[in-house]
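Raw work.cif, mmCIF, C-alpha atoms:
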data_start
#
loop_
_atom_site.group_PDB
_atom_site.id
_atom_site.type_symbol
_atom_site.label_atom_id
_atom_site.label_comp_id
_atom_site.auth_asym_id
_atom_site.auth_seq_id
_atom_site.Cartn_x
_atom_site.Cartn_y
_atom_site.Cartn_z
ATOM 1 C CA MET G 299 -4.439 -4.596 26.546
ATOM 2 C CA LYS G 300 -2.618 -5.530 23.345
ATOM 3 C CA PHE G 301 -4.367 -8.922 23.397
ATOM 4 C CA MET G 302 -7.765 -7.248 23.636
ATOM 5 C CA ILE G 303 -6.983 -4.935 20.708
ATOM 6 C CA ARG G 304 -5.941 -7.928 18.611
ATOM 7 C CA PHE G 305 -9.136 -9.750 19.638
ATOM 8 C CA PHE G 306 -11.453 -6.951 18.503
ATOM 9 C CA LEU G 307 -9.474 -6.498 15.277
ATOM 10 C CA ALA G 308 -9.900 -10.192 14.609
ATOM 11 C CA LEU G 309 -13.644 -9.742 14.833
ATOM 12 C CA SER G 310 -13.685 -6.867 12.340
ATOM 13 C CA LEU G 311 -10.975 -8.121 9.992
ATOM 14 C CA SER G 312 -11.174 -11.887 10.218
ATOM 15 C CA LEU G 313 -9.809 -14.621 8.010
ATOM 16 C CA PRO G 314 -12.694 -17.026 7.337
ATOM 17 C CA VAL G 315 -10.847 -19.980 5.827
ATOM 18 C CA ALA G 316 -7.382 -21.324 5.128
ATOM 19 C CA ALA G 317 -5.394 -19.743 2.328
ATOM 20 C CA GLY G 318 -5.567 -22.792 0.130
ATOM 21 C CA ALA G 319 -9.349 -23.021 0.297
ATOM 22 C CA TYR G 320 -9.761 -21.049 -2.915
ATOM 23 C CA ASN G 321 -7.123 -21.715 -5.537
ATOM 24 C CA ILE G 322 -5.398 -18.507 -6.672
ATOM 25 C CA PRO G 323 -1.962 -19.435 -8.062
ATOM 26 C CA VAL G 324 -0.056 -16.231 -7.304
ATOM 27 C CA THR G 325 3.754 -16.141 -7.318
ATOM 28 C CA ALA G 326 3.824 -13.717 -4.374
ATOM 29 C CA LYS G 327 5.176 -15.010 -1.063
ATOM 30 C CA ALA G 328 2.224 -13.368 0.671
ATOM 31 C CA ALA G 329 -1.072 -12.029 -0.644
ATOM 32 C CA ILE G 330 -4.497 -10.971 0.577
ATOM 33 C CA ILE G 331 -7.925 -9.893 -0.666
ATOM 34 C CA VAL G 332 -10.042 -7.752 1.654
ATOM 35 C CA ASN G 333 -13.549 -6.367 1.396
ATOM 36 C CA ALA G 334 -12.691 -2.654 1.513
ATOM 37 C CA ASP G 335 -16.119 -1.723 2.886
ATOM 38 C CA ASN G 336 -16.244 -3.889 5.994
ATOM 39 C CA GLY G 337 -12.664 -5.167 6.349
ATOM 40 C CA GLU G 338 -13.504 -8.856 5.917
ATOM 41 C CA VAL G 339 -10.626 -10.944 4.615
ATOM 42 C CA LEU G 340 -11.917 -12.880 1.611
ATOM 43 C CA TRP G 341 -8.754 -14.836 0.829
ATOM 44 C CA ALA G 342 -5.146 -14.879 1.966
ATOM 45 C CA LYS G 343 -1.797 -16.563 1.494
ATOM 46 C CA ASN G 344 0.678 -16.173 4.370
ATOM 47 C CA PRO G 345 -1.102 -12.974 5.507
ATOM 48 C CA HIS G 346 1.052 -12.544 8.634
ATOM 49 C CA LEU G 347 4.424 -13.428 7.112
ATOM 50 C CA LYS G 348 6.873 -10.597 7.854
ATOM 51 C CA LEU G 349 8.571 -9.417 4.672
ATOM 52 C CA GLN G 350 10.398 -6.373 3.322
ATOM 53 C CA PRO G 351 7.789 -3.825 2.152
ATOM 54 C CA ALA G 352 9.809 -1.878 -0.456
ATOM 55 C CA SER G 353 7.963 1.299 -1.501
ATOM 56 C CA THR G 354 4.576 0.182 -0.209
ATOM 57 C CA THR G 355 6.093 1.735 2.925
ATOM 58 C CA LYS G 356 5.116 5.079 1.423
ATOM 59 C CA VAL G 357 1.425 4.448 2.132
ATOM 60 C CA LEU G 358 2.209 4.901 5.817
ATOM 61 C CA THR G 359 4.639 7.743 5.103
ATOM 62 C CA GLY G 360 1.848 9.541 3.277
ATOM 63 C CA ILE G 361 -0.615 8.949 6.113
ATOM 64 C CA VAL G 362 1.747 10.411 8.714
ATOM 65 C CA ALA G 363 2.684 13.366 6.506
ATOM 66 C CA LEU G 364 -0.965 14.244 5.881
ATOM 67 C CA GLU G 365 -1.831 14.006 9.568
ATOM 68 C CA TYR G 366 1.109 16.024 10.895
ATOM 69 C CA ALA G 367 1.597 18.707 8.235
ATOM 70 C CA SER G 368 -0.469 20.976 6.021
ATOM 71 C CA MET G 369 -0.222 20.685 2.252
ATOM 72 C CA SER G 370 1.090 24.234 2.097
ATOM 73 C CA GLN G 371 3.947 23.736 4.562
ATOM 74 C CA VAL G 372 7.268 24.426 2.849
ATOM 75 C CA CYS G 373 10.051 21.887 3.372
ATOM 76 C CA SER G 374 13.787 22.368 2.860
ATOM 77 C CA VAL G 375 15.972 19.737 1.186
ATOM 78 C CA SER G 376 19.050 18.611 3.109
ATOM 79 C CA GLU G 377 22.225 17.106 1.648
ATOM 80 C CA ARG G 378 21.203 13.737 3.039
ATOM 81 C CA ALA G 379 17.794 13.901 1.376
ATOM 82 C CA ALA G 380 19.284 15.024 -1.936
ATOM 83 C CA GLY G 381 21.689 12.090 -1.856
ATOM 84 C CA THR G 382 19.033 9.420 -1.341
ATOM 85 C CA GLN G 383 19.151 6.498 -3.770
ATOM 86 C CA ALA G 384 16.653 6.176 -6.628
ATOM 87 C CA SER G 385 13.800 6.258 -7.307
ATOM 88 C CA ARG G 386 14.011 10.052 -6.970
ATOM 89 C CA ILE G 387 13.080 13.419 -8.457
ATOM 90 C CA ASN G 388 16.669 14.699 -8.257
ATOM 91 C CA LEU G 389 16.211 17.247 -5.505
ATOM 92 C CA ARG G 390 19.168 19.476 -4.649
ATOM 93 C CA PRO G 391 20.356 20.698 -1.237
ATOM 94 C CA GLY G 392 18.607 23.948 -0.443
ATOM 95 C CA ASP G 393 15.567 23.290 -2.646
ATOM 96 C CA GLU G 394 12.253 24.200 -1.057
ATOM 97 C CA LEU G 395 8.987 22.442 -1.892
ATOM 98 C CA PRO G 396 5.527 22.363 -0.325
ATOM 99 C CA VAL G 397 4.310 19.187 1.335
ATOM 100 C CA LYS G 398 1.730 18.865 -1.441
ATOM 101 C CA ASP G 399 4.350 18.459 -4.176
ATOM 102 C CA LEU G 400 6.425 16.118 -2.017
ATOM 103 C CA ILE G 401 3.426 13.843 -1.408
ATOM 104 C CA TYR G 402 2.603 13.746 -5.118
ATOM 105 C CA ALA G 403 6.227 12.778 -5.811
ATOM 106 C CA LEU G 404 6.060 10.229 -2.986
ATOM 107 C CA LEU G 405 2.912 8.419 -4.114
ATOM 108 C CA LEU G 406 3.164 8.786 -7.918
ATOM 109 C CA LYS G 407 6.887 8.709 -8.701
ATOM 110 C CA SER G 408 7.748 6.785 -5.523
ATOM 111 C CA ALA G 409 10.486 9.332 -4.912
ATOM 112 C CA ASN G 410 12.788 8.309 -2.083
ATOM 113 C CA ASP G 411 14.340 11.754 -1.804
ATOM 114 C CA SER G 412 10.877 13.237 -1.263
ATOM 115 C CA ALA G 413 10.256 10.695 1.503
ATOM 116 C CA VAL G 414 13.395 11.799 3.343
ATOM 117 C CA VAL G 415 12.517 15.488 2.976
ATOM 118 C CA LEU G 416 9.096 14.826 4.502
ATOM 119 C CA ALA G 417 10.614 12.783 7.320
ATOM 120 C CA GLU G 418 13.232 15.358 8.218
ATOM 121 C CA ASN G 419 10.907 18.343 8.066
ATOM 122 C CA ILE G 420 7.930 16.763 9.812
ATOM 123 C CA GLY G 421 9.638 14.414 12.245
ATOM 124 C CA GLY G 422 12.905 16.256 12.741
ATOM 125 C CA SER G 423 14.905 13.216 11.633
ATOM 126 C CA ILE G 424 14.420 9.891 9.886
ATOM 127 C CA LYS G 425 14.604 8.068 13.225
ATOM 128 C CA GLN G 426 11.958 10.260 14.847
ATOM 129 C CA PHE G 427 9.701 10.074 11.809
ATOM 130 C CA ALA G 428 10.014 6.271 11.788
ATOM 131 C CA ALA G 429 8.873 6.295 15.412
ATOM 132 C CA MET G 430 5.825 8.311 14.324
ATOM 133 C CA MET G 431 5.179 5.785 11.556
ATOM 134 C CA ASN G 432 5.353 2.856 13.965
ATOM 135 C CA ALA G 433 3.047 4.567 16.461
ATOM 136 C CA LYS G 434 0.531 5.172 13.673
ATOM 137 C CA ALA G 435 0.819 1.592 12.436
ATOM 138 C CA ARG G 436 0.006 0.310 15.925
ATOM 139 C CA ALA G 437 -2.934 2.705 16.187
ATOM 140 C CA ILE G 438 -4.285 1.361 12.887
ATOM 141 C CA GLY G 439 -3.842 -2.199 14.136
ATOM 142 C CA ALA G 440 -0.781 -3.160 12.096
ATOM 143 C CA PHE G 441 1.043 -4.952 14.913
ATOM 144 C CA ASP G 442 3.274 -7.099 12.685
ATOM 145 C CA SER G 443 5.013 -4.196 10.958
ATOM 146 C CA ASN G 444 8.090 -2.162 11.836
ATOM 147 C CA PHE G 445 9.624 0.710 9.909
ATOM 148 C CA VAL G 446 13.065 2.274 10.189
ATOM 149 C CA ASN G 447 12.903 4.573 7.154
ATOM 150 C CA PRO G 448 10.190 6.431 5.220
ATOM 151 C CA HIS G 449 10.927 5.112 1.711
ATOM 152 C CA GLY G 450 11.187 1.345 2.003
ATOM 153 C CA LEU G 451 14.747 0.805 0.846
ATOM 154 C CA THR G 452 15.990 -2.472 2.315
ATOM 155 C CA ALA G 453 16.968 -2.115 5.960
ATOM 156 C CA ARG G 454 17.409 -4.450 8.902
ATOM 157 C CA GLY G 455 14.374 -4.376 11.146
ATOM 158 C CA GLN G 456 12.008 -3.097 8.479
ATOM 159 C CA TYR G 457 9.106 -5.377 7.630
ATOM 160 C CA THR G 458 5.365 -5.626 7.138
ATOM 161 C CA THR G 459 2.743 -8.214 6.223
ATOM 162 C CA ALA G 460 0.080 -8.446 3.551
ATOM 163 C CA TYR G 461 -2.558 -8.194 6.288
ATOM 164 C CA ASP G 462 -1.006 -5.033 7.732
ATOM 165 C CA LEU G 463 -0.641 -3.457 4.289
ATOM 166 C CA ALA G 464 -4.342 -3.953 3.660
ATOM 167 C CA LEU G 465 -5.126 -2.393 7.041
ATOM 168 C CA MET G 466 -2.969 0.644 6.302
ATOM 169 C CA LEU G 467 -4.398 1.221 2.833
ATOM 170 C CA ARG G 468 -7.948 0.805 4.109
ATOM 171 C CA TYR G 469 -7.190 3.545 6.630
ATOM 172 C CA ALA G 470 -5.496 5.742 4.015
ATOM 173 C CA ILE G 471 -8.336 5.679 1.497
ATOM 174 C CA GLN G 472 -10.653 7.201 4.082
ATOM 175 C CA LYS G 473 -8.600 10.375 3.705
ATOM 176 C CA PRO G 474 -9.817 12.443 0.726
ATOM 177 C CA ALA G 475 -6.391 14.063 0.268
ATOM 178 C CA PHE G 476 -4.671 10.669 0.059
ATOM 179 C CA LYS G 477 -7.169 9.376 -2.490
ATOM 180 C CA GLU G 478 -6.962 12.516 -4.579
ATOM 181 C CA VAL G 479 -3.186 12.208 -4.848
ATOM 182 C CA ALA G 480 -3.096 8.447 -5.362
ATOM 183 C CA LEU G 481 -5.713 8.590 -8.136
ATOM 184 C CA THR G 482 -3.793 11.204 -10.118
ATOM 185 C CA ARG G 483 -2.238 9.765 -13.264
ATOM 186 C CA GLU G 484 0.190 12.603 -13.996
ATOM 187 C CA TYR G 485 1.325 15.662 -12.078
ATOM 188 C CA MET G 486 3.572 18.611 -12.847
ATOM 189 C CA LEU G 487 6.165 19.482 -10.214
ATOM 190 C CA ASP G 488 7.403 23.050 -9.962
ATOM 191 C CA MET G 489 11.144 22.674 -9.346
ATOM 192 C CA ASP G 490 12.119 26.198 -8.255
ATOM 193 C CA ASN G 491 14.406 27.763 -10.874
ATOM 194 C CA ARG G 492 14.510 24.620 -12.999
ATOM 195 C CA ARG G 493 12.144 23.269 -15.590
ATOM 196 C CA PRO G 494 8.938 21.758 -14.211
ATOM 197 C CA VAL G 495 9.023 17.975 -13.994
ATOM 198 C CA ARG G 496 6.112 15.831 -15.151
ATOM 199 C CA ILE G 497 5.712 12.699 -13.066
ATOM 200 C CA LYS G 498 3.582 9.667 -13.905
ATOM 201 C CA ASN G 499 1.836 7.337 -11.481
ATOM 202 C CA HIS G 500 3.518 3.922 -11.186
ATOM 203 C CA ASN G 501 0.161 2.283 -10.502
ATOM 204 C CA ARG G 502 -0.577 0.636 -13.871
ATOM 205 C CA LEU G 503 -4.087 -0.316 -12.828
ATOM 206 C CA LEU G 504 -5.186 3.298 -13.280
ATOM 207 C CA TRP G 505 -4.777 2.728 -17.019
ATOM 208 C CA LYS G 506 -5.701 -0.965 -17.218
ATOM 209 C CA GLU G 507 -8.577 -1.472 -14.780
ATOM 210 C CA GLU G 508 -11.712 0.657 -15.057
ATOM 211 C CA GLY G 509 -12.486 0.452 -11.337
ATOM 212 C CA ALA G 510 -8.937 0.994 -10.103
ATOM 213 C CA GLY G 511 -8.512 3.185 -7.045
ATOM 214 C CA ALA G 512 -5.642 4.270 -4.830
ATOM 215 C CA GLY G 513 -2.609 2.008 -4.924
ATOM 216 C CA LYS G 514 1.126 1.848 -4.302
ATOM 217 C CA THR G 515 3.793 -0.217 -5.994
ATOM 218 C CA GLY G 516 7.154 -1.273 -4.603
ATOM 219 C CA TYR G 517 10.303 -3.084 -5.673
ATOM 220 C CA THR G 518 13.748 -3.821 -4.333
ATOM 221 C CA ARG G 519 15.952 -6.811 -5.048
ATOM 222 C CA ALA G 520 15.417 -8.094 -1.516
ATOM 223 C CA ALA G 521 11.664 -7.465 -1.400
ATOM 224 C CA ARG G 522 10.885 -8.370 -5.015
ATOM 225 C CA HIS G 523 7.691 -6.831 -6.362
ATOM 226 C CA CYS G 524 5.092 -5.535 -3.922
ATOM 227 C CA TYR G 525 1.726 -3.835 -4.314
ATOM 228 C CA VAL G 526 -1.279 -2.722 -2.343
ATOM 229 C CA GLY G 527 -4.331 -1.104 -3.898
ATOM 230 C CA GLU G 528 -8.088 -0.790 -4.047
ATOM 231 C CA VAL G 529 -10.327 -1.650 -6.950
ATOM 232 C CA THR G 530 -14.037 -1.947 -7.666
ATOM 233 C CA LYS G 531 -14.837 -4.975 -9.805
ATOM 234 C CA ASP G 532 -18.348 -6.199 -10.646
ATOM 235 C CA GLY G 533 -19.730 -4.363 -7.625
ATOM 236 C CA ALA G 534 -17.032 -5.638 -5.281
ATOM 237 C CA HIS G 535 -14.958 -2.975 -3.498
ATOM 238 C CA LEU G 536 -11.685 -4.748 -2.805
ATOM 239 C CA ILE G 537 -8.222 -4.156 -1.402
ATOM 240 C CA VAL G 538 -5.516 -6.480 -2.682
ATOM 241 C CA ALA G 539 -1.942 -6.701 -1.448
ATOM 242 C CA ILE G 540 1.063 -8.753 -2.507
ATOM 243 C CA LEU G 541 4.592 -9.070 -1.142
ATOM 244 C CA GLY G 542 7.546 -10.870 -2.714
ATOM 245 C CA SER G 543 6.039 -11.414 -6.157
ATOM 246 C CA ARG G 544 7.857 -12.467 -9.335
ATOM 247 C CA THR G 545 4.904 -11.551 -11.589
ATOM 248 C CA PRO G 546 3.202 -8.639 -9.825
ATOM 249 C CA TRP G 547 0.598 -7.472 -12.311
ATOM 250 C CA GLN G 548 -0.404 -11.020 -13.181
ATOM 251 C CA ASP G 549 -0.828 -11.714 -9.477
ATOM 252 C CA VAL G 550 -2.844 -8.540 -8.928
ATOM 253 C CA GLU G 551 -5.159 -9.280 -11.853
ATOM 254 C CA LEU G 552 -5.753 -12.807 -10.557
ATOM 255 C CA LEU G 553 -6.579 -11.473 -7.101
ATOM 256 C CA ILE G 554 -9.009 -8.929 -8.526
ATOM 257 C CA GLU G 555 -10.818 -11.465 -10.713
ATOM 258 C CA ARG G 556 -11.085 -14.131 -8.040
ATOM 259 C CA GLY G 557 -11.770 -11.560 -5.339
ATOM 260 C CA ALA G 558 -14.830 -10.384 -7.218
ATOM 261 C CA ASP G 559 -15.994 -14.007 -7.474
ATOM 262 C CA VAL G 560 -15.568 -14.610 -3.747
ATOM 263 C CA TYR G 561 -17.261 -11.299 -2.927
ATOM 264 C CA ALA G 562 -20.230 -12.229 -5.096
ATOM 265 C CA THR G 563 -20.502 -15.607 -3.395
ATOM 266 C CA HIS G 564 -20.617 -13.946 0.019
ATOM 267 C CA ALA G 565 -23.019 -11.208 -1.109
ATOM 268 C CA THR G 566 -25.595 -13.653 -2.504
ATOM 269 C CA GLY G 567 -25.425 -15.777 0.618
ATOM 270 C CA ALA G 568 -24.941 -18.820 -1.575
ATOM 271 C CA THR G 569 -22.437 -20.228 0.887
ATOM 272 C CA ASN G 570 -20.511 -19.221 3.952
ATOM 273 C CA ASP G 571 -17.496 -21.179 2.810
ATOM 274 C CA ILE G 572 -15.386 -19.792 -0.007
ATOM 275 C CA ARG G 573 -14.094 -23.282 -0.708
ATOM 276 C CA ALA G 574 -17.150 -23.472 -2.949
ATOM 277 C CA GLY G 575 -15.193 -21.448 -5.456
ATOM 278 C CA ARG G 576 -12.582 -24.165 -5.667
ATOM 279 C CA ASP G 577 -15.184 -26.908 -5.900
ATOM 280 C CA THR G 578 -17.013 -25.104 -8.717
ATOM 281 C CA GLN G 579 -13.735 -24.525 -10.488
ATOM 282 C CA LYS G 580 -13.010 -28.227 -10.411
ATOM 283 C CA LYS G 581 -16.326 -28.808 -12.193
ATOM 284 C CA GLY G 582 -15.317 -26.372 -14.932
ATOM 285 C CA LYS G 583 -18.001 -23.796 -14.108
ATOM 286 C CA ALA G 584 -15.767 -20.865 -13.070
ATOM 287 C CA SER G 585 -13.329 -18.821 -15.051
#
Just give me the structure of the file as structure tokens.
Amino acid sequence: MKFMIRFFLALSLSLPVAAGAYNIPVTAKAAIIVNADNGEVLWAKNPHLKLQPASTTKVLTGIVALEYASMSQVCSVSERAAGTQASRINLRPGDELPVKDLIYALLLKSANDSAVVLAENIGGSIKQFAAMMNAKARAIGAFDSNFVNPHGLTARGQYTTAYDLALMLRYAIQKPAFKEVALTREYMLDMDNRRPVRIKNHNRLLWKEEGAGAGKTGYTRAARHCYVGEVTKDGAHLIVAILGSRTPWQDVELLIERGADVYATHATGATNDIRAGRDTQKKGKAS
């Protein structure tokens, strides 16, 4: 059964050529460009390499939270959640926040304490919530991922791939609530009896790229820089993902620029082989 699922996914989200067929010199250990409309993989480097996901994990955390809880559900903060390592919004034991605020903190501020609060209140425990995450990942088709926590802090047995990240984001952006949150640049959190806290989206593309859509950053020392996001560039609706990058925003910008080129090549029917991009580049005709 699992083989058949993989077979049909391969038909809908297929990799047309080898990673090196179109030269995109990213520093990331793994990277991918996907047509967000039909799921076609336009280019990839080590798309199935299993790597630490850092806070890109929170894409899946957000999906599960939105599917299993209402935005108005009130969640209580435990001592464990309040003691979670940064990044955080400095929650205190006994604080109560609605799921809505916790998801904004999760996707904008990348708050690890918010992730734990969601996991404990929706799943009953981090372990049970991780099981929900893994079940959802399999349902989406992300068979090469495994999660043991909801925030992405380095943990044994936690990994994903660039391919799986693209799958999960493509699923997430079909949810209006996810897109609405992820596209928000700034949000004001009501912190009970304390001053409200203004949080800013970590996704720099919302300020730098006119067609930027939903996206999620991530970083730990073990994972290096990670990112998955959507963007519309020159008519191309793309999803790009990177894992293990030393120069994340440079990598992302390269993927967007070249992804638009590859998309245009496919759309015009000029060639069925994206190696043409490399050949043209050699002749000095492509930027």
ask   = For the atom pair CA of Phe476 (chain G) and CA of Ala512 (chain G), what is the interatomic distance in Å to one decimal place?
value = 8.1 Å
Per-axis box centre and lengths in Å around region 540-556 of chain G, 5 Å margin per side, axis-aligned, as JSON:
{"center_x": -1.6, "center_y": -10.8, "center_z": -7.2, "size_x": 28.9, "size_y": 16.7, "size_z": 22.0}
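Applied to this file, the PyMOL selection byres ((chain G and resi 523) around 10) selects Ala326, Pro351, Ala352, Ser353, Thr354, Thr515, Gly516, Tyr517, Thr518, Arg519, Ala520, Ala521, Arg522, Cys524, Tyr525, Ile540, Leu541, Gly542, Ser543, Arg544, Thr545, Pro546 and Trp547 of chain G.
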Run the PyMOL selection byres ((chain G and resi 470) around 10) against the file shown and list the residues it catches, as a PDB file with C-alpha atoms, keeping the file's coordinate frame.
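Output file out-v2.pdb follows:
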ATOM      1  CA  VAL G 357       1.425   4.448   2.132  1.00  0.00           C
ATOM      2  CA  LEU G 358       2.209   4.901   5.817  1.00  0.00           C
ATOM      3  CA  GLY G 360       1.848   9.541   3.277  1.00  0.00           C
ATOM      4  CA  ILE G 361      -0.615   8.949   6.113  1.00  0.00           C
ATOM      5  CA  VAL G 362       1.747  10.411   8.714  1.00  0.00           C
ATOM      6  CA  LEU G 364      -0.965  14.244   5.881  1.00  0.00           C
ATOM      7  CA  ILE G 438      -4.285   1.361  12.887  1.00  0.00           C
ATOM      8  CA  ALA G 464      -4.342  -3.953   3.660  1.00  0.00           C
ATOM      9  CA  LEU G 465      -5.126  -2.393   7.041  1.00  0.00           C
ATOM     10  CA  MET G 466      -2.969   0.644   6.302  1.00  0.00           C
ATOM     11  CA  LEU G 467      -4.398   1.221   2.833  1.00  0.00           C
ATOM     12  CA  ARG G 468      -7.948   0.805   4.109  1.00  0.00           C
ATOM     13  CA  TYR G 469      -7.190   3.545   6.630  1.00  0.00           C
ATOM     14  CA  ILE G 471      -8.336   5.679   1.497  1.00  0.00           C
ATOM     15  CA  GLN G 472     -10.653   7.201   4.082  1.00  0.00           C
ATOM     16  CA  LYS G 473      -8.600  10.375   3.705  1.00  0.00           C
ATOM     17  CA  PRO G 474      -9.817  12.443   0.726  1.00  0.00           C
ATOM     18  CA  ALA G 475      -6.391  14.063   0.268  1.00  0.00           C
ATOM     19  CA  PHE G 476      -4.671  10.669   0.059  1.00  0.00           C
ATOM     20  CA  LYS G 477      -7.169   9.376  -2.490  1.00  0.00           C
ATOM     21  CA  ALA G 512      -5.642   4.270  -4.830  1.00  0.00           C
TER      22      ALA G 512
END
Give me the residues of region 306-419 of chain G that have any atom at most 10 Å from an atom of region 439-457 of chain G; for each, the nearest atom pair and the distance in Å, rounded to one decimal. Use all atoms listed in the file, sort by chain and number, and format it as a Markdown table.
| residue | atom | partner | partner_atom | distance |
| --- | --- | --- | --- | --- |
| G:Phe306 | CA | G:Gly439 | CA | 10.0 |
| G:Leu307 | CA | G:Gly439 | CA | 7.2 |
| G:His346 | CA | G:Asp442 | CA | 7.1 |
| G:Leu347 | CA | G:Asp442 | CA | 8.5 |
| G:Lys348 | CA | G:Tyr457 | CA | 5.7 |
| G:Leu349 | CA | G:Tyr457 | CA | 5.0 |
| G:Gln350 | CA | G:Tyr457 | CA | 4.6 |
| G:Pro351 | CA | G:Tyr457 | CA | 5.8 |
| G:Ala352 | CA | G:Gly450 | CA | 4.3 |
| G:Ser353 | CA | G:Gly450 | CA | 4.8 |
| G:Thr354 | CA | G:Gly450 | CA | 7.1 |
| G:Thr355 | CA | G:Gly450 | CA | 5.2 |
| G:Lys356 | CA | G:His449 | CA | 5.8 |
| G:Val357 | CA | G:Pro448 | CA | 9.5 |
| G:Leu358 | CA | G:Pro448 | CA | 8.1 |
| G:Thr359 | CA | G:Pro448 | CA | 5.7 |
| G:Gly360 | CA | G:Pro448 | CA | 9.1 |
| G:Val362 | CA | G:Pro448 | CA | 10.0 |
| G:Thr382 | CA | G:His449 | CA | 9.7 |
| G:Gln383 | CA | G:Leu451 | CA | 8.6 |
| G:Ala384 | CA | G:Leu451 | CA | 9.4 |
| G:Ser385 | CA | G:His449 | CA | 9.5 |
| G:Leu404 | CA | G:His449 | CA | 8.5 |
| G:Ser408 | CA | G:His449 | CA | 8.1 |
| G:Ala409 | CA | G:His449 | CA | 7.9 |
| G:Asn410 | CA | G:His449 | CA | 5.3 |
| G:Asp411 | CA | G:His449 | CA | 8.3 |
| G:Ser412 | CA | G:His449 | CA | 8.7 |
| G:Ala413 | CA | G:His449 | CA | 5.6 |
| G:Val414 | CA | G:Pro448 | CA | 6.5 |
| G:Val415 | CA | G:Pro448 | CA | 9.6 |
| G:Leu416 | CA | G:Pro448 | CA | 8.5 |
| G:Ala417 | CA | G:Pro448 | CA | 6.7 |
| G:Glu418 | CA | G:Pro448 | CA | 9.9 |
request  = Report as a VMD selection string the residues that result from applying the PyMOL selection byres ((chain G and resi 479) around 8) to the structure here.
outcome  = chain G and resid 401 to 402 405 to 406 475 to 478 480 to 482
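Relative to CA of Glu377 (chain G), CA of Arg390 (chain G) is found at 7.4 Å.
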ask   = Quick one, how far is CA of Asp532 (chain G) from CA of Asn321 (chain G)?
value = 19.8 Å
request  = Extract, using all atoms listed in the file, all DNA, RNA and protein residues at most 9 Å from Ile420 (chain G), discarding same-chain residues fewer than 6 positions from it, and format them as a list of chain:residue names.
outcome  = G:Val362, G:Ala363, G:Tyr366, G:Ala367, G:Cys373, G:Phe427
For Glu555 (chain G), please output as a short mmCIF file (atom, residue, chain, number, x, y, z; two decimals) with C-alpha atoms, in the coordinates of the input all residues within 12 Å (counting all atoms listed in the file; exclusion window: fewer than 6 positions along the same chain).
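result07.cif was written with the following content:
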data_model
loop_
_atom_site.label_atom_id
_atom_site.label_comp_id
_atom_site.auth_asym_id
_atom_site.auth_seq_id
_atom_site.Cartn_x
_atom_site.Cartn_y
_atom_site.Cartn_z
CA ILE G 322 -5.40 -18.51 -6.67
CA ILE G 331 -7.92 -9.89 -0.67
CA GLU G 507 -8.58 -1.47 -14.78
CA VAL G 529 -10.33 -1.65 -6.95
CA THR G 530 -14.04 -1.95 -7.67
CA LYS G 531 -14.84 -4.97 -9.80
CA ASP G 532 -18.35 -6.20 -10.65
CA GLY G 533 -19.73 -4.36 -7.62
CA ALA G 534 -17.03 -5.64 -5.28
CA HIS G 535 -14.96 -2.98 -3.50
CA LEU G 536 -11.68 -4.75 -2.80
CA VAL G 538 -5.52 -6.48 -2.68
CA GLN G 548 -0.40 -11.02 -13.18
CA ASP G 549 -0.83 -11.71 -9.48
CA TYR G 561 -17.26 -11.30 -2.93
CA ALA G 562 -20.23 -12.23 -5.10
CA ALA G 584 -15.77 -20.86 -13.07
CA SER G 585 -13.33 -18.82 -15.05
#
